[in-house]
Each structure stands twice: as C-alpha cells, then as structure tokens.
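Coordinates as given in target11.txt (compact mmCIF, C-alpha atoms):
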```txt
# COMPACT_ATOMS: atom_id res chain seq x y z
CA MET P 1229 264.20 88.42 73.83
CA LYS P 1230 266.52 85.54 74.74
CA THR P 1231 263.79 83.99 76.87
CA TYR P 1232 261.34 84.34 73.99
CA LYS P 1233 263.75 82.58 71.61
CA LYS P 1234 264.29 79.79 74.13
CA LEU P 1235 260.55 79.28 74.39
CA ILE P 1236 260.28 79.13 70.59
CA HIS P 1237 263.11 76.60 70.38
CA ALA P 1238 261.58 74.55 73.19
CA GLY P 1239 258.22 74.62 71.43
CA ILE P 1240 259.73 73.52 68.14
CA PHE P 1241 261.68 70.73 69.85
CA THR P 1242 258.60 69.52 71.74
CA SER P 1243 256.44 69.62 68.62
CA GLY P 1244 259.09 67.75 66.67
CA THR P 1245 259.37 65.11 69.38
CA LEU P 1246 255.61 64.61 69.55
CA PHE P 1247 255.35 64.41 65.77
CA ALA P 1248 258.17 61.87 65.65
CA ALA P 1249 256.45 59.76 68.35
CA TRP P 1250 253.19 59.95 66.41
CA GLY P 1251 254.95 58.87 63.22
CA ILE P 1252 256.71 55.95 64.92
CA ASN P 1253 253.47 54.73 66.47
CA LYS P 1254 251.69 55.02 63.13
CA TRP P 1255 254.39 52.98 61.41
CA ILE P 1256 254.30 50.29 64.11
CA PHE P 1257 250.56 49.74 63.65
CA LEU P 1258 250.83 49.68 59.86
CA ARG P 1259 253.80 47.31 59.87
CA ALA P 1260 252.15 44.88 62.34
CA GLY P 1261 249.38 44.05 59.89
CA MET P 1262 251.41 43.74 56.71
CA LYS P 1263 251.63 39.93 56.83
CA ASP P 1264 247.85 39.52 57.14
CA MET P 1265 248.27 36.60 59.55
CA LEU P 1266 244.65 36.79 60.70
CA PHE P 1267 243.18 36.10 57.28
CA CYS P 1268 240.74 33.19 57.26
CA GLU P 1269 237.75 31.80 55.40
CA ASN P 1270 234.20 31.20 56.69
CA LYS P 1271 234.23 34.59 58.38
CA TYR P 1272 231.15 36.41 59.63
CA GLN P 1273 230.28 39.56 61.53
CA TYR P 1274 227.92 39.94 64.46
CA SER P 1275 226.62 43.47 64.94
CA TRP P 1276 226.63 43.90 68.70
CA ARG P 1277 225.66 47.06 70.55
CA PHE P 1278 229.24 47.89 71.60
CA GLY P 1279 230.80 47.09 68.22
CA ASN P 1280 231.06 44.57 65.41
CA ILE P 1281 232.26 41.12 66.45
CA PHE P 1282 234.28 38.92 64.11
CA TYR P 1283 233.63 35.19 64.16
CA THR P 1284 234.00 32.02 62.11
CA LYS P 1285 231.59 29.13 61.73
CA LYS P 1286 232.39 25.65 60.46
CA GLY P 1287 230.97 22.13 60.54
CA SER P 1288 227.66 20.60 61.53
CA GLY P 1289 226.27 19.01 64.64
CA SER P 1290 225.82 20.27 68.19
CA PRO P 1291 227.08 23.84 68.66
CA LEU P 1292 230.49 24.45 70.23
CA LEU P 1293 231.75 27.93 71.08
CA LEU P 1294 235.50 28.52 71.42
CA ILE P 1295 236.57 31.50 73.54
CA HIS P 1296 240.21 32.52 73.31
CA GLU P 1297 242.31 33.84 76.18
CA LEU P 1298 241.30 37.31 77.33
CA LYS P 1299 244.38 39.30 76.31
CA SER P 1300 245.00 42.14 73.89
CA THR P 1301 247.33 39.84 71.91
CA ALA P 1302 244.76 37.05 71.59
CA SER P 1303 242.22 36.13 68.90
CA ALA P 1304 240.26 33.16 67.63
CA ALA P 1305 243.40 32.16 65.74
CA GLU P 1306 244.41 30.44 69.00
CA TRP P 1307 242.10 27.57 67.95
CA ARG P 1308 242.97 27.32 64.26
CA THR P 1309 244.77 23.96 64.48
CA LEU P 1310 241.73 22.37 66.19
CA ILE P 1311 238.73 23.76 64.32
CA ASN P 1312 238.83 21.32 61.41
CA ALA P 1313 238.88 18.31 63.71
CA LEU P 1314 236.22 19.67 66.07
CA SER P 1315 233.95 20.62 63.16
CA LYS P 1316 233.53 16.94 62.22
CA ASP P 1317 231.16 16.48 65.16
CA HIS P 1318 230.14 20.03 66.01
CA THR P 1319 229.12 23.32 64.48
CA VAL P 1320 232.13 25.25 65.70
CA TYR P 1321 231.94 28.97 66.41
CA ALA P 1322 235.15 30.86 67.20
CA LEU P 1323 234.92 34.58 67.87
CA ASP P 1324 237.31 37.42 68.56
CA LEU P 1325 236.20 38.99 71.83
CA ILE P 1326 235.48 42.70 71.68
CA GLY P 1327 238.75 44.62 72.00
CA CYS P 1328 240.66 41.70 70.47
CA GLY P 1329 241.87 40.65 67.03
CA ARG P 1330 239.51 41.49 64.18
CA SER P 1331 236.60 42.68 66.33
CA GLU P 1332 236.07 46.35 67.08
CA LYS P 1333 238.10 47.93 69.86
CA PRO P 1334 236.04 50.79 71.26
CA LYS P 1335 237.32 53.19 73.88
CA MET P 1336 235.74 51.98 77.10
CA THR P 1337 236.49 50.17 80.34
CA TYR P 1338 236.40 46.45 79.64
CA THR P 1339 234.87 44.39 82.45
CA ASN P 1340 233.77 40.82 83.02
CA TYR P 1341 230.16 42.00 82.80
CA ILE P 1342 230.76 43.35 79.27
CA TYR P 1343 232.09 39.98 78.12
CA VAL P 1344 229.31 38.03 79.82
CA GLN P 1345 226.79 40.15 77.93
CA LEU P 1346 228.67 39.56 74.68
CA ILE P 1347 228.82 35.78 75.00
CA ASN P 1348 225.23 35.41 76.17
CA ASN P 1349 223.96 37.70 73.41
CA PHE P 1350 226.06 35.82 70.86
CA ILE P 1351 224.61 32.47 71.91
CA LYS P 1352 221.05 33.82 71.74
CA ASP P 1353 221.37 35.86 68.54
CA VAL P 1354 223.83 33.81 66.47
CA ILE P 1355 223.92 30.22 67.75
CA GLY P 1356 220.29 30.08 68.83
CA SER P 1357 220.47 27.05 71.14
CA ARG P 1358 222.23 25.64 74.19
CA THR P 1359 225.91 25.32 73.45
CA ASP P 1360 229.05 23.68 74.71
CA VAL P 1361 231.86 26.11 75.48
CA ILE P 1362 235.64 25.77 75.61
CA THR P 1363 237.60 28.61 77.19
CA SER P 1364 241.30 29.38 77.38
CA GLY P 1365 243.15 30.89 80.33
CA SER P 1366 241.61 34.04 81.77
CA SER P 1367 238.41 33.78 79.70
CA SER P 1368 237.18 31.04 82.07
CA ASN P 1369 235.50 33.68 84.25
CA ILE P 1370 233.37 34.76 81.27
CA ALA P 1371 231.85 31.31 80.81
CA ILE P 1372 231.36 30.75 84.55
CA MET P 1373 229.58 34.06 85.09
CA GLY P 1374 227.68 33.75 81.81
CA CYS P 1375 226.38 30.32 82.77
CA TYR P 1376 225.51 31.53 86.25
CA SER P 1377 223.47 34.47 84.89
CA GLU P 1378 221.69 32.55 82.09
CA PRO P 1379 222.12 28.80 82.66
CA ASP P 1380 219.69 27.76 79.91
CA LEU P 1381 222.14 29.02 77.26
CA TYR P 1382 224.90 26.60 78.26
CA ASN P 1383 225.36 22.87 77.99
CA ARG P 1384 228.88 21.81 79.04
CA ILE P 1385 231.88 23.96 79.88
CA MET P 1386 235.51 22.99 79.35
CA MET P 1387 238.21 25.29 80.71
CA VAL P 1388 241.84 25.08 79.57
CA ASN P 1389 244.31 26.26 82.23
CA PRO P 1390 241.87 28.70 83.86
CA SER P 1391 243.25 31.54 85.93
CA SER P 1392 243.47 30.80 89.64
CA LEU P 1393 240.53 31.88 91.78
CA LYS P 1394 242.91 34.06 93.78
CA GLU P 1395 244.07 35.84 90.62
CA MET P 1396 240.49 36.35 89.45
CA ALA P 1397 239.55 37.95 92.77
CA LYS P 1398 242.06 40.80 92.38
CA PHE P 1399 240.41 44.19 91.96
CA PRO P 1400 241.55 47.63 90.75
CA LYS P 1401 243.38 49.72 93.34
CA ALA P 1402 244.55 53.32 93.12
CA ASN P 1403 247.85 52.45 91.41
CA HIS P 1404 246.01 50.29 88.86
CA LYS P 1405 243.64 53.13 88.03
CA THR P 1406 246.63 55.45 87.55
CA LEU P 1407 248.24 52.94 85.20
CA LYS P 1408 245.01 52.63 83.24
CA TYR P 1409 244.80 56.41 82.91
CA LEU P 1410 248.37 56.62 81.57
CA ILE P 1411 247.88 53.87 79.00
CA GLU P 1412 244.68 55.48 77.75
CA LEU P 1413 246.38 58.84 77.08
CA PRO P 1414 246.36 59.59 73.32
CA LEU P 1415 250.09 59.75 72.52
CA VAL P 1416 251.92 58.79 75.70
CA GLY P 1417 249.64 55.81 76.29
CA THR P 1418 250.01 54.60 72.71
CA SER P 1419 253.79 54.74 73.01
CA ILE P 1420 253.70 52.82 76.30
CA TYR P 1421 251.41 50.20 74.75
CA ASN P 1422 253.67 49.76 71.73
CA MET P 1423 256.68 49.23 73.98
CA ILE P 1424 254.83 46.67 76.10
CA THR P 1425 253.49 44.81 73.05
CA SER P 1426 256.65 44.99 70.98
CA TYR P 1427 257.46 41.93 68.90
CA ARG P 1428 260.30 41.02 71.25
CA SER P 1429 258.09 41.31 74.35
CA ILE P 1430 255.37 39.14 72.83
CA PHE P 1431 257.96 36.58 71.78
CA ARG P 1432 259.35 36.41 75.34
CA ASP P 1433 255.88 36.09 76.88
CA TYR P 1434 254.85 33.35 74.44
CA LYS P 1435 258.12 31.51 75.03
CA LYS P 1436 257.53 31.43 78.80
CA LYS P 1437 254.13 29.82 78.30
CA LEU P 1438 255.42 26.89 76.25
CA LEU P 1439 257.11 23.80 77.63
CA TYR P 1440 259.19 23.48 74.48
CA PRO P 1441 260.12 27.06 73.53
CA THR P 1442 262.46 25.77 70.82
CA SER P 1443 259.35 24.71 68.92
CA ILE P 1444 258.02 28.27 68.69
CA LEU P 1445 256.63 28.95 65.25
CA LYS P 1446 257.34 32.42 63.99
CA LYS P 1447 253.86 32.58 62.49
CA ASP P 1448 252.33 32.22 65.97
CA VAL P 1449 254.21 35.25 67.27
CA ASP P 1450 253.43 37.15 64.06
CA THR P 1451 249.75 36.41 64.65
CA LEU P 1452 249.84 37.59 68.27
CA TYR P 1453 251.69 40.74 67.23
CA GLU P 1454 249.19 41.52 64.48
CA ALA P 1455 246.20 40.87 66.75
CA SER P 1456 247.56 43.26 69.38
CA HIS P 1457 247.94 46.11 66.86
CA LEU P 1458 245.02 45.60 64.50
CA GLY P 1459 242.66 48.53 64.81
CA GLY P 1460 245.36 51.07 65.58
CA PRO P 1461 245.84 52.89 68.90
CA SER P 1462 242.43 51.80 70.19
CA ALA P 1463 243.96 48.37 70.77
CA ARG P 1464 245.45 49.72 74.00
CA PHE P 1465 242.12 50.12 75.81
CA LEU P 1466 241.62 46.42 76.51
CA TYR P 1467 245.21 46.12 77.72
CA ALA P 1468 244.65 49.03 80.09
CA SER P 1469 241.57 47.36 81.61
CA GLU P 1470 243.07 43.88 81.69
CA ARG P 1471 246.37 44.99 83.24
CA SER P 1472 244.49 46.99 85.88
CA HIS P 1473 242.25 44.03 86.89
CA PHE P 1474 239.01 45.53 85.56
CA THR P 1475 238.29 42.29 83.68
CA ASN P 1476 238.56 40.23 86.89
CA ILE P 1477 235.69 39.11 89.08
CA ASN P 1478 235.32 37.07 92.24
CA MET P 1479 233.33 34.12 90.91
CA LEU P 1480 233.27 31.82 93.96
CA HIS P 1481 229.53 32.17 94.50
CA ALA P 1482 228.78 31.45 90.84
CA LEU P 1483 231.15 28.49 90.75
CA LYS P 1484 229.41 26.91 93.74
CA LYS P 1485 225.92 27.32 92.25
CA ILE P 1486 226.48 26.00 88.71
CA ASN P 1487 225.00 22.54 88.11
CA HIS P 1488 226.30 22.09 84.56
CA SER P 1489 228.93 19.55 83.56
CA MET P 1490 232.32 21.24 83.82
CA TYR P 1491 235.79 20.03 82.94
CA ILE P 1492 239.22 21.54 83.43
CA ILE P 1493 242.21 20.60 81.29
CA GLY P 1494 245.60 21.65 82.60
CA GLY P 1495 249.10 21.59 81.17
CA LYS P 1496 251.33 19.40 83.32
CA GLU P 1497 254.08 22.03 83.55
CA GLU P 1498 251.84 25.05 84.08
CA ASN P 1499 252.74 26.94 87.26
CA ASP P 1500 250.63 25.89 90.26
CA ILE P 1501 248.19 24.02 88.03
CA GLN P 1502 247.37 21.32 90.56
CA GLU P 1503 246.65 23.94 93.21
CA THR P 1504 244.34 25.71 90.77
CA LEU P 1505 242.52 22.50 89.86
CA ASP P 1506 242.09 21.57 93.52
CA SER P 1507 240.64 24.99 94.37
CA TYR P 1508 238.01 24.76 91.61
CA VAL P 1509 237.03 21.23 92.67
CA PHE P 1510 236.88 22.32 96.31
CA TYR P 1511 234.15 24.85 95.53
CA ASN P 1512 232.37 22.60 93.00
CA PRO P 1513 233.13 18.89 93.55
CA SER P 1514 231.32 17.89 90.35
CA ILE P 1515 234.10 19.39 88.19
CA GLU P 1516 236.19 16.78 86.39
CA THR P 1517 239.86 17.48 85.73
CA ASP P 1518 242.60 16.10 83.53
CA ILE P 1519 246.25 16.86 82.89
CA ILE P 1520 248.02 16.83 79.55
CA LYS P 1521 251.67 15.88 79.85
CA ASN P 1522 254.46 17.59 77.92
CA SER P 1523 252.63 20.91 77.84
CA LYS P 1524 252.40 24.16 79.76
CA HIS P 1525 249.95 27.06 79.32
CA TYR P 1526 248.70 26.04 75.87
CA PRO P 1527 248.16 22.24 75.93
CA HIS P 1528 245.71 22.59 73.03
CA ILE P 1529 248.54 24.05 70.94
CA GLU P 1530 251.45 21.93 72.17
CA GLN P 1531 249.57 18.61 72.31
CA PRO P 1532 246.56 19.02 69.99
CA GLU P 1533 245.96 15.29 69.43
CA GLU P 1534 245.72 14.52 73.14
CA PHE P 1535 243.55 17.58 73.66
CA LEU P 1536 241.17 16.47 70.89
CA SER P 1537 241.05 13.02 72.45
CA LEU P 1538 239.83 14.55 75.73
CA CYS P 1539 237.29 16.64 73.81
CA SER P 1540 235.87 13.46 72.30
CA ILE P 1541 235.40 12.10 75.84
CA TYR P 1542 234.02 15.18 77.55
CA LEU P 1543 232.20 16.75 74.60
CA PRO P 1544 231.05 13.78 72.47
```

Please render this file's structure as structure tokens.
Amino acid sequence: MKTYKKLIHAGIFTSGTLFAAWGINKWIFLRAGMKDMLFCENKYQYSWRFGNIFYTKKGSGSPLLLIHELKSTASAAEWRTLINALSKDHTVYALDLIGCGRSEKPKMTYTNYIYVQLINNFIKDVIGSRTDVITSGSSSNIAIMGCYSEPDLYNRIMMVNPSSLKEMAKFPKANHKTLKYLIELPLVGTSIYNMITSYRSIFRDYKKKLLYPTSILKKDVDTLYEASHLGGPSARFLYASERSHFTNINMLHALKKINHSMYIIGGKEENDIQETLDSYVFYNPSIETDIIKNSKHYPHIEQPEEFLSLCSIYLP
C-alpha cells in the first residue's frame, strides 16, 4: 500500500511538473509577440510547397533580393533601415526564410538544399527575372549554391560577412544528431529552446556581434526575440538543424565554377574576416572585396550609409 501511495504521489508530482513546464513555455511564446515588433507594410505571402513565405516588396527598377542571416532569431527586419534607400533604384524584395520570422515553421530537417529550392522558386515564381542578391552571414551558402544550380536566375551577388568556408564545411556527427533529437522533443526540447533563446541570451549574442555594444537598441533585441518565438514551439526545429550543422554545405566546387559578379563586404572588427575574404578570393579570384571600418558582424546595421555607398558602386 505504501508503495502504491508513493507511486501516486510521484505521478501527481511528475504531472504537475510537466504541466507547469507546459504553462511556462506557453507564456513565453505569448509574451514574446506582445510588442508586435515585426509589423510592417507592403507585406505579401508566397505559397510555397513547404509552407507560406512572408515577404515585402518596395520600389521600382531592377530586382534586388535581400536574404537575412540564417538563424532562428533572424528575419527580414534585419534590412529595415536600408530598404527605403535601396528601393529608390531597385524593386526590393525581402523575405523571411522558411523556419524564420513570419514565415511558416514546419517540423522538418532544414538543409541548404531546402533553402536553395526556396530562393530559386521565389525568383522564378515571384520576381520573374534575373535578380541581384544580398546575403547576410550564414545565408551566403544559399546564394552560392542557388546560383550554381540555376545560374540564369542570378545577376550579381553581394555577401555581407559570409561564414568561413571551413565553418560551412562542417557536417552533422553523432553528437549533433543527438542534440537535434533532444531539441525536437515536444516538451523537453521546447524548454531547452526557450532557455537558449531567452531574452538575455539573445541580448548577449547580439552584443558580441556589434563593435559598439553601447549603441544597442532595445527594439532590435525585441525584434530578434519575437522572431525566434513567433509560431510557437515549432520555432525550435530550425534551431535544431542549424545548431547541428544540417544547414551547412561544402560549397568549394560551386564557388570555383560561378562566373557571376560577386562582392564580399566585411566588418573591419569581425573575427578572422580577412582570412575569410582571402579564402573566398583564393577559390574564385574574380570576387571583389571591401571592408567597412567601425563595424563588426553587422556593418549594414552599424554603418548603413557606408554600406549603401558600396551598394551604389557594386549594384548600380
């Protein structure tokens, strides 16, 4: 009888703990979107086979597609301070990649191939003509592989602080697959994800990527926090794939073969940026590079005027 009572008490305690964890996670996702930081005008929806894709369109002229950094915290809001200026000479498209921001976040393994399909389909179905592309950080591999697979869709490619070729070549190992499995678990994984993408963690990560962390705008962190939680627990699936290197790809062969005009813009204080630039140029000597002083990982955010000046040179 005593053993039976202990089992009942243990069951009640476990159920209560699980219910409390569920309630906390539910509150975190609801609270993250209360400020509606991702609201914008000129919004559209592209019905893609893996889910609806959010995008904005503004301006007139030659098409320009902006692709934000490939992270669960990212969205097209990364480009919001530049769109008005760029739209004076271009028809500017800025989309939230699938699994990010306001786009759908289906339960699946996110890979480079998925994103290449998305971008190439988007150019064909929505833009309808050859387009210039600007990428940020780890999304550089999407444009490179997309251009390699369907070169007629692309005009010029500008990459802002692309991930190193060594980093992009990393592949999932047994421990990464275990981590992915844990994060994708219904309750445990959601709790892990919410701890990793807490407001404080996002603030610290964003601070490290800026040269002048004292200039951090609270609205930027609010936007990143909202983007990482919009859509509820399904937001964790991209993080699981990204963190486990499923979104990586060895793109050396593609980089060597591309004949398009390519440019790389680096932040002067970004870690190992010169080494990264040199490695890209080594495999494709036609790539032009430039450095923006007084900036780190986000030169287009920290020094928007200088960045726009380079855009006017490389993407007239």

Find the axis-aligned box for stretch 1506-1519 of chain P, covering all its listed atoms and adding 8 Å on each side, and write its centre and edge lengths in Å to one decimal as lines of an AutoDock Vina configuration file.
```
center_x = 238.8
center_y = 20.5
center_z = 89.6
size_x = 30.9
size_y = 24.9
size_z = 29.4
```

Within 10 Å of stretch 1298-1308 of chain P: each stretch 1323-1427 of chain P residue with its shortest pair, all atoms listed in the file, as CSV:
```
residue,atom,partner,partner_atom,distance
P:Leu1323,CA,P:Ala1304,CA,5.5
P:Asp1324,CA,P:Ser1303,CA,5.1
P:Leu1325,CA,P:Ser1303,CA,7.3
P:Ile1326,CA,P:Leu1298,CA,9.7
P:Gly1327,CA,P:Ser1300,CA,7.0
P:Cys1328,CA,P:Ser1300,CA,5.5
P:Gly1329,CA,P:Ser1303,CA,4.9
P:Arg1330,CA,P:Ser1303,CA,7.6
P:Ser1331,CA,P:Ser1303,CA,9.0
P:Lys1333,CA,P:Ser1300,CA,9.9
P:Tyr1343,CA,P:Leu1298,CA,9.6
P:Thr1363,CA,P:Leu1298,CA,9.5
P:Ser1364,CA,P:Leu1298,CA,7.9
P:Gly1365,CA,P:Leu1298,CA,7.3
P:Ser1366,CA,P:Leu1298,CA,5.5
P:Ser1367,CA,P:Leu1298,CA,5.1
P:Ser1368,CA,P:Leu1298,CA,8.9
P:Asn1369,CA,P:Leu1298,CA,9.7
P:Ile1370,CA,P:Leu1298,CA,9.2
P:Thr1425,CA,P:Thr1301,CA,8.0
```

Output C-alpha atoms of each residue in that selection to a file, as an mmCIF file, in the frame of the given file.
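Final output, saved to part.cif:
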```
data_model
loop_
_atom_site.group_PDB
_atom_site.id
_atom_site.type_symbol
_atom_site.label_atom_id
_atom_site.label_comp_id
_atom_site.auth_asym_id
_atom_site.auth_seq_id
_atom_site.Cartn_x
_atom_site.Cartn_y
_atom_site.Cartn_z
ATOM 1 C CA LEU P 1323 234.920 34.580 67.870
ATOM 2 C CA ASP P 1324 237.310 37.420 68.560
ATOM 3 C CA LEU P 1325 236.200 38.990 71.830
ATOM 4 C CA ILE P 1326 235.480 42.700 71.680
ATOM 5 C CA GLY P 1327 238.750 44.620 72.000
ATOM 6 C CA CYS P 1328 240.660 41.700 70.470
ATOM 7 C CA GLY P 1329 241.870 40.650 67.030
ATOM 8 C CA ARG P 1330 239.510 41.490 64.180
ATOM 9 C CA SER P 1331 236.600 42.680 66.330
ATOM 10 C CA LYS P 1333 238.100 47.930 69.860
ATOM 11 C CA TYR P 1343 232.090 39.980 78.120
ATOM 12 C CA THR P 1363 237.600 28.610 77.190
ATOM 13 C CA SER P 1364 241.300 29.380 77.380
ATOM 14 C CA GLY P 1365 243.150 30.890 80.330
ATOM 15 C CA SER P 1366 241.610 34.040 81.770
ATOM 16 C CA SER P 1367 238.410 33.780 79.700
ATOM 17 C CA SER P 1368 237.180 31.040 82.070
ATOM 18 C CA ASN P 1369 235.500 33.680 84.250
ATOM 19 C CA ILE P 1370 233.370 34.760 81.270
ATOM 20 C CA THR P 1425 253.490 44.810 73.050
#
```

Contacts of P:Arg1428 at 10 Å or less, counting only C-alpha atoms, minus same-chain residues fewer than 5 places along, as number ranges by chain? P: 1423, 1433-1434, 1449, 1453

Using all atoms listed in the file, find the one residue out of P:Phe1278, P:Tyr1491, P:Phe1510, P:Tyr1427 that sits nearest to P:Tyr1338.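 So, comparing all the options, the nearest one is P:Phe1278.
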
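Between atom CA of P:His1528 and atom CA of P:Pro1291 the interatomic distance comes to 19.2 Å.
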